$ cat upload22.json   # JSON, C-alpha atoms
[["chain", "number", "residue", "atom", "x", "y", "z"],
["N", 25, "MET", "CA", 30.45, 56.03, 154.57],
["N", 26, "SER", "CA", 28.08, 56.80, 151.74],
["N", 27, "PRO", "CA", 25.68, 53.89, 151.08],
["N", 28, "PRO", "CA", 26.60, 53.48, 147.37],
["N", 29, "LEU", "CA", 30.33, 53.38, 148.14],
["N", 30, "LYS", "CA", 29.80, 51.07, 151.11],
["N", 31, "ALA", "CA", 27.83, 48.66, 148.90],
["N", 32, "TYR", "CA", 30.55, 48.69, 146.25],
["N", 33, "PHE", "CA", 33.46, 48.14, 148.62],
["N", 34, "ASP", "CA", 31.56, 45.55, 150.66],
["N", 35, "GLY", "CA", 31.44, 43.50, 147.45],
["N", 36, "LEU", "CA", 35.22, 43.47, 146.98],
["N", 37, "THR", "CA", 37.19, 40.49, 148.23],
["N", 38, "ASN", "CA", 40.72, 41.63, 147.32],
["N", 39, "LYS", "CA", 41.91, 43.51, 150.40],
["N", 40, "ASP", "CA", 45.31, 44.16, 148.77],
["N", 41, "LEU", "CA", 43.98, 46.73, 146.31],
["N", 42, "LYS", "CA", 45.85, 50.03, 146.49],
["N", 43, "ILE", "CA", 43.18, 52.72, 146.94],
["N", 44, "LEU", "CA", 43.61, 56.50, 146.85],
["N", 45, "ILE", "CA", 41.10, 58.88, 148.40],
["N", 46, "PRO", "CA", 41.90, 62.38, 147.12],
["N", 47, "GLY", "CA", 40.82, 65.34, 149.23],
["N", 48, "GLY", "CA", 39.77, 62.80, 151.82],
["N", 49, "GLY", "CA", 39.29, 65.30, 154.62],
["N", 50, "ASN", "CA", 38.31, 63.51, 157.82],
["N", 51, "SER", "CA", 37.88, 60.46, 155.60],
["N", 52, "HIS", "CA", 35.33, 58.23, 157.19],
["N", 53, "GLU", "CA", 35.69, 56.20, 153.98],
["N", 54, "ALA", "CA", 39.36, 55.50, 154.74],
["N", 55, "GLU", "CA", 38.44, 54.53, 158.27],
["N", 56, "TYR", "CA", 35.74, 52.17, 157.02],
["N", 57, "LEU", "CA", 38.02, 50.52, 154.45],
["N", 58, "HIS", "CA", 40.85, 50.18, 156.97],
["N", 59, "ASN", "CA", 38.51, 48.58, 159.49],
["N", 60, "LYS", "CA", 37.27, 46.18, 156.77],
["N", 61, "GLY", "CA", 40.84, 44.95, 156.28],
["N", 62, "PHE", "CA", 41.94, 46.89, 153.20],
["N", 63, "LYS", "CA", 45.70, 47.19, 153.70],
["N", 64, "HIS", "CA", 46.67, 49.84, 151.15],
["N", 65, "VAL", "CA", 44.33, 52.80, 151.60],
["N", 66, "TYR", "CA", 45.92, 56.21, 151.05],
["N", 67, "VAL", "CA", 44.45, 59.63, 151.77],
["N", 68, "ILE", "CA", 45.83, 62.82, 150.28],
["N", 69, "ASP", "CA", 44.64, 66.19, 151.52],
["N", 70, "LEU", "CA", 45.85, 69.77, 151.73],
["N", 71, "SER", "CA", 44.55, 69.93, 155.30],
["N", 72, "LYS", "CA", 47.05, 68.59, 157.81],
["N", 73, "THR", "CA", 44.38, 68.92, 160.52],
["N", 74, "ALA", "CA", 42.00, 66.60, 158.66],
["N", 75, "LEU", "CA", 44.72, 63.97, 158.33],
["N", 76, "GLU", "CA", 45.64, 64.33, 162.00],
["N", 77, "ASN", "CA", 41.97, 63.90, 162.95],
["N", 78, "LEU", "CA", 41.85, 60.63, 161.02],
["N", 79, "LYS", "CA", 45.01, 59.42, 162.73],
["N", 80, "LEU", "CA", 43.58, 60.30, 166.16],
["N", 81, "ARG", "CA", 40.32, 58.50, 165.38],
["N", 82, "VAL", "CA", 42.07, 55.46, 163.89],
["N", 83, "PRO", "CA", 45.50, 55.08, 165.57],
["N", 84, "SER", "CA", 46.20, 51.87, 163.63],
["N", 85, "PHE", "CA", 45.90, 53.66, 160.26],
["N", 86, "PRO", "CA", 49.40, 53.68, 158.71],
["N", 87, "GLU", "CA", 50.85, 57.15, 159.07],
["N", 88, "ASN", "CA", 52.75, 56.86, 155.79],
["N", 89, "HIS", "CA", 49.38, 56.38, 154.03],
["N", 90, "LEU", "CA", 48.32, 59.88, 155.11],
["N", 91, "ILE", "CA", 49.74, 62.26, 152.54],
["N", 92, "HIS", "CA", 49.74, 65.96, 153.30],
["N", 93, "GLY", "CA", 49.87, 67.41, 149.82],
["N", 94, "ASN", "CA", 48.24, 68.25, 146.53],
["N", 95, "PHE", "CA", 46.53, 65.56, 144.45],
["N", 96, "PHE", "CA", 48.08, 67.04, 141.31],
["N", 97, "ASP", "CA", 51.59, 66.53, 142.74],
["N", 98, "ILE", "CA", 51.33, 62.92, 143.87],
["N", 99, "ASP", "CA", 53.48, 60.39, 142.01],
["N", 100, "MET", "CA", 52.31, 56.88, 142.85],
["N", 101, "VAL", "CA", 50.25, 54.15, 141.17],
["N", 102, "PHE", "CA", 46.89, 52.86, 142.42],
["N", 103, "ASP", "CA", 44.28, 50.25, 141.56],
["N", 104, "ILE", "CA", 41.33, 52.45, 142.53],
["N", 105, "ILE", "CA", 40.74, 56.14, 143.04],
["N", 106, "MET", "CA", 37.71, 56.61, 145.23],
["N", 107, "GLU", "CA", 35.83, 59.79, 144.39],
["N", 108, "GLN", "CA", 33.25, 61.30, 146.64],
["N", 109, "THR", "CA", 33.65, 65.01, 147.21],
["N", 110, "PHE", "CA", 37.02, 66.00, 145.76],
["N", 111, "PHE", "CA", 36.06, 66.37, 142.10],
["N", 112, "CYS", "CA", 33.12, 68.65, 142.97],
["N", 113, "ALA", "CA", 35.27, 70.63, 145.42],
["N", 114, "ILE", "CA", 38.04, 71.59, 143.01],
["N", 115, "ASN", "CA", 37.64, 74.54, 140.69],
["N", 116, "PRO", "CA", 35.83, 73.38, 137.53],
["N", 117, "ASN", "CA", 38.78, 74.75, 135.53],
["N", 118, "LEU", "CA", 40.81, 71.85, 136.97],
["N", 119, "ARG", "CA", 38.44, 69.07, 135.93],
["N", 120, "HIS", "CA", 40.26, 68.20, 132.69],
["N", 121, "ALA", "CA", 43.53, 68.13, 134.65],
["N", 122, "TYR", "CA", 41.89, 65.87, 137.26],
["N", 123, "ALA", "CA", 40.84, 63.33, 134.61],
["N", 124, "GLU", "CA", 44.34, 63.30, 133.11],
["N", 125, "LYS", "CA", 46.04, 63.05, 136.52],
["N", 126, "ALA", "CA", 43.71, 60.23, 137.60],
["N", 127, "PHE", "CA", 44.56, 58.39, 134.36],
["N", 128, "ASN", "CA", 48.27, 58.75, 135.14],
["N", 129, "LEU", "CA", 47.88, 57.60, 138.76],
["N", 130, "LEU", "CA", 46.08, 54.36, 137.90],
["N", 131, "ASN", "CA", 47.61, 51.08, 136.85],
["N", 132, "LYS", "CA", 46.61, 49.74, 133.44],
["N", 133, "THR", "CA", 43.38, 48.17, 134.76],
["N", 134, "GLY", "CA", 42.69, 50.95, 137.26],
["N", 135, "LEU", "CA", 39.29, 52.36, 138.14],
["N", 136, "ILE", "CA", 37.72, 55.51, 139.44],
["N", 137, "ILE", "CA", 34.82, 54.49, 141.67],
["N", 138, "GLY", "CA", 32.62, 57.07, 143.29],
["N", 139, "LEU", "CA", 29.96, 59.69, 143.32],
["N", 140, "LEU", "CA", 29.49, 62.98, 141.50],
["N", 141, "PHE", "CA", 26.77, 65.55, 141.99],
["N", 142, "ASN", "CA", 24.27, 65.48, 139.13],
["N", 143, "VAL", "CA", 22.87, 68.94, 139.76],
["N", 144, "PRO", "CA", 24.08, 72.49, 139.30],
["N", 145, "LEU", "CA", 25.24, 73.77, 142.67],
["N", 146, "ASN", "CA", 27.47, 76.75, 143.33],
["N", 147, "GLU", "CA", 29.24, 78.82, 140.70],
["N", 148, "THR", "CA", 31.70, 80.69, 142.94],
["N", 149, "ARG", "CA", 32.54, 78.23, 145.73],
["N", 150, "PRO", "CA", 32.54, 74.49, 146.37],
["N", 151, "PRO", "CA", 30.79, 72.24, 146.00],
["N", 152, "PHE", "CA", 30.53, 72.78, 142.28],
["N", 153, "GLY", "CA", 27.93, 70.56, 140.69],
["N", 154, "GLY", "CA", 27.59, 69.44, 137.14],
["N", 155, "SER", "CA", 25.91, 67.02, 134.81],
["N", 156, "LYS", "CA", 26.54, 63.67, 133.21],
["N", 157, "ALA", "CA", 27.06, 65.28, 129.81],
["N", 158, "GLU", "CA", 29.69, 67.63, 131.24],
["N", 159, "TYR", "CA", 31.50, 64.85, 133.12],
["N", 160, "LEU", "CA", 31.63, 62.64, 130.03],
["N", 161, "GLU", "CA", 33.62, 65.39, 128.26],
["N", 162, "TYR", "CA", 36.31, 65.21, 130.93],
["N", 163, "PHE", "CA", 36.54, 61.47, 131.34],
["N", 164, "LYS", "CA", 35.92, 59.92, 127.89],
["N", 165, "PRO", "CA", 39.43, 60.72, 126.54],
["N", 166, "TYR", "CA", 40.96, 58.67, 129.37],
["N", 167, "PHE", "CA", 38.35, 56.22, 130.62],
["N", 168, "ASP", "CA", 35.80, 53.68, 129.51],
["N", 169, "VAL", "CA", 32.70, 55.02, 131.23],
["N", 170, "SER", "CA", 31.30, 51.64, 132.17],
["N", 171, "LEU", "CA", 28.87, 53.20, 134.63],
["N", 172, "MET", "CA", 27.65, 56.75, 135.21],
["N", 173, "ASN", "CA", 24.08, 56.51, 136.39],
["N", 174, "GLY", "CA", 21.82, 58.00, 139.00],
["N", 175, "CYS", "CA", 22.21, 56.36, 142.40],
["N", 176, "TYR", "CA", 19.38, 54.26, 143.68],
["N", 177, "ASN", "CA", 20.83, 54.06, 147.19],
["N", 178, "SER", "CA", 22.10, 57.56, 147.95],
["N", 179, "HIS", "CA", 21.95, 58.97, 151.44],
["N", 180, "GLN", "CA", 18.54, 60.63, 151.82],
["N", 181, "THR", "CA", 20.10, 64.12, 151.85],
["N", 182, "ARG", "CA", 21.52, 63.44, 148.37],
["N", 183, "ALA", "CA", 18.74, 61.32, 146.90],
["N", 184, "GLY", "CA", 18.18, 62.10, 143.22],
["N", 185, "ARG", "CA", 21.28, 64.31, 143.13],
["N", 186, "GLU", "CA", 24.15, 61.85, 142.63],
["N", 187, "LEU", "CA", 25.69, 59.79, 139.87],
["N", 188, "PHE", "CA", 27.52, 56.58, 140.72],
["N", 189, "ILE", "CA", 30.58, 56.25, 138.51],
["N", 190, "ARG", "CA", 32.77, 53.34, 137.52],
["N", 191, "LEU", "CA", 35.41, 54.50, 135.09],
["N", 192, "LYS", "CA", 37.98, 52.04, 133.76],
["N", 193, "LYS", "CA", 41.30, 53.37, 132.51],
["N", 194, "LEU", "CA", 41.62, 53.18, 128.74],
["N", 195, "ASP", "CA", 44.56, 51.34, 127.25],
["N", 196, "HIS", "CA", 46.48, 54.18, 125.57]]
$ encode --input "upload22.json" --output "structure tokens"
Amino acid sequence: MSPPLKAYFDGLTNKDLKILIPGGGNSHEAEYLHNKGFKHVYVIDLSKTALENLKLRVPSFPENHLIHGNFFDIDMVFDIIMEQTFFCAINPNLRHAYAEKAFNLLNKTGLIIGLLFNVPLNETRPPFGGSKAEYLEYFKPYFDVSLMNGCYNSHQTRAGRELFIRLKKLDH
């Protein structure tokens, strides 16, 4: 698990929070949270193989918390959406839709917690990077951007290239 996310989740005491990890892939984050006692961790991914790999690695992970599907089609409510690689993997044309969908998936005090690349990366294939100014355009209509700063504790391969975000759902 990424050091900034690990530090954040290690500080939480409420293990009943309902957490969504979109585009979770092999989801070492879900494994970590599950092993730390979080009871309501959900992973949604288009890759059935990635979800099966998680289930093989962590047989006690609830199978009904592994959702084979599209983030934009899910219809549930969560306390936290954990963002690490999904936002920068989707086509940038979908970023406004992501912010709106995340808003709709969160309860009234819900949060997006995670990491975004703070550098330009690829233009034709994932991961697509970006900048704080760009991200604020997507999120400010739906979220109080309580934190969107450079990470001080990124993994060394991402040092100086990540923003840690804490976005609280606005009361619309």
$ closest_residue --input "upload22.json" --among "N:Ser170, N:Asn177, N:Ser71, N:Thr37" --to "Ile189 (chain N)" --atoms "all atoms listed in the file"
N:Ser170
$ atom_distance --input "upload22.json" --atom1 "CA of Tyr162 (chain N)" --atom2 "CA of Glu53 (chain N)"
24.8 Å
$ residues_around --input "upload22.json" --residues "region 80-87 of chain N" --least-positions-apart "4" --cutoff "8 Å" --atoms "all atoms listed in the file" --output "list in words"
Glu55, His58 and Glu76 of chain N
$ residues_around --input "upload22.json" --residues "Asn131 (chain N)" --least-positions-apart "2" --cutoff "10 Å" --atoms "all atoms listed in the file" --output "VMD selection string"
chain N and resid 42 100 to 104 126 to 129 133 to 135 193
$ atom_distance --input "upload22.json" --atom1 "CA of Asp69 (chain N)" --atom2 "CA of Asp40 (chain N)"
22.2 Å
$ closest_residue --input "upload22.json" --among "N:Leu57, N:Leu194, N:Ile98, N:Leu140" --to "Asn38 (chain N)" --atoms "all atoms listed in the file"
N:Leu57
$ atom_distance --input "upload22.json" --atom1 "CA of Pro28 (chain N)" --atom2 "CA of Lys63 (chain N)"
21.1 Å
$ residues_around --input "upload22.json" --residues "Ile43 (chain N)" --least-positions-apart "2" --cutoff "7 Å" --atoms "all atoms listed in the file" --output "PDB file with C-alpha atoms, in the frame of the given file"
ATOM      1  CA  LEU N  41      43.980  46.730 146.310  1.00  0.00           C
ATOM      2  CA  ILE N  45      41.100  58.880 148.400  1.00  0.00           C
ATOM      3  CA  HIS N  64      46.670  49.840 151.150  1.00  0.00           C
ATOM      4  CA  VAL N  65      44.330  52.800 151.600  1.00  0.00           C
ATOM      5  CA  TYR N  66      45.920  56.210 151.050  1.00  0.00           C
ATOM      6  CA  PHE N 102      46.890  52.860 142.420  1.00  0.00           C
ATOM      7  CA  ASP N 103      44.280  50.250 141.560  1.00  0.00           C
ATOM      8  CA  ILE N 104      41.330  52.450 142.530  1.00  0.00           C
ATOM      9  CA  ILE N 105      40.740  56.140 143.040  1.00  0.00           C
ATOM     10  CA  MET N 106      37.710  56.610 145.230  1.00  0.00           C
TER      11      MET N 106
END
$ residues_around --input "upload22.json" --residues "Gly47 (chain N)" --least-positions-apart "5" --cutoff "8 Å" --atoms "only C-alpha atoms" --output "MDAnalysis selection string"
chainID N and resid 67:70 95 109:110
$ closest_residue --input "upload22.json" --among "N:Glu124, N:Leu191, N:Lys60, N:Asp97" --to "Gly35 (chain N)" --atoms "only C-alpha atoms"
N:Lys60
$ residues_around --input "upload22.json" --residues "Thr148 (chain N)" --least-positions-apart "5" --cutoff "12 Å" --atoms "all atoms listed in the file" --output "PyMOL selection string"
chain N and resi 113-117+153
$ write_last_selection --input "upload22.json" --atoms "C-alpha atoms" --output "mmCIF file, keeping the file's coordinate frame"
data_model
loop_
_atom_site.group_PDB
_atom_site.id
_atom_site.type_symbol
_atom_site.label_atom_id
_atom_site.label_comp_id
_atom_site.auth_asym_id
_atom_site.auth_seq_id
_atom_site.Cartn_x
_atom_site.Cartn_y
_atom_site.Cartn_z
ATOM 1 C CA ALA N 113 35.270 70.630 145.420
ATOM 2 C CA ILE N 114 38.040 71.590 143.010
ATOM 3 C CA ASN N 115 37.640 74.540 140.690
ATOM 4 C CA PRO N 116 35.830 73.380 137.530
ATOM 5 C CA ASN N 117 38.780 74.750 135.530
ATOM 6 C CA GLY N 153 27.930 70.560 140.690
#
$ closest_residue --input "upload22.json" --among "N:Ile91, N:Ala54, N:Leu118, N:Leu139" --to "Leu187 (chain N)" --atoms "only C-alpha atoms"
N:Leu139
$ closest_residue --input "upload22.json" --among "N:Leu171, N:Leu36, N:Leu44, N:Val143" --to "Glu158 (chain N)" --atoms "only C-alpha atoms"
N:Val143
$ closest_residue --input "upload22.json" --among "N:Met25, N:Ala31, N:Leu145, N:Ile137" --to "Tyr176 (chain N)" --atoms "all atoms listed in the file"
N:Ala31
$ residues_near_point --input "upload22.json" --point "(39.4, 57.5, 126.2)" --cutoff "8 Å" --atoms "only C-alpha atoms" --output "short mmCIF file (atom, residue, chain, number, x, y, z; two decimals) with C-alpha atoms, in the coordinates of the input"
data_model
loop_
_atom_site.label_atom_id
_atom_site.label_comp_id
_atom_site.auth_asym_id
_atom_site.auth_seq_id
_atom_site.Cartn_x
_atom_site.Cartn_y
_atom_site.Cartn_z
CA PHE N 163 36.54 61.47 131.34
CA LYS N 164 35.92 59.92 127.89
CA PRO N 165 39.43 60.72 126.54
CA TYR N 166 40.96 58.67 129.37
CA PHE N 167 38.35 56.22 130.62
CA ASP N 168 35.80 53.68 129.51
CA LYS N 193 41.30 53.37 132.51
CA LEU N 194 41.62 53.18 128.74
CA HIS N 196 46.48 54.18 125.57
#
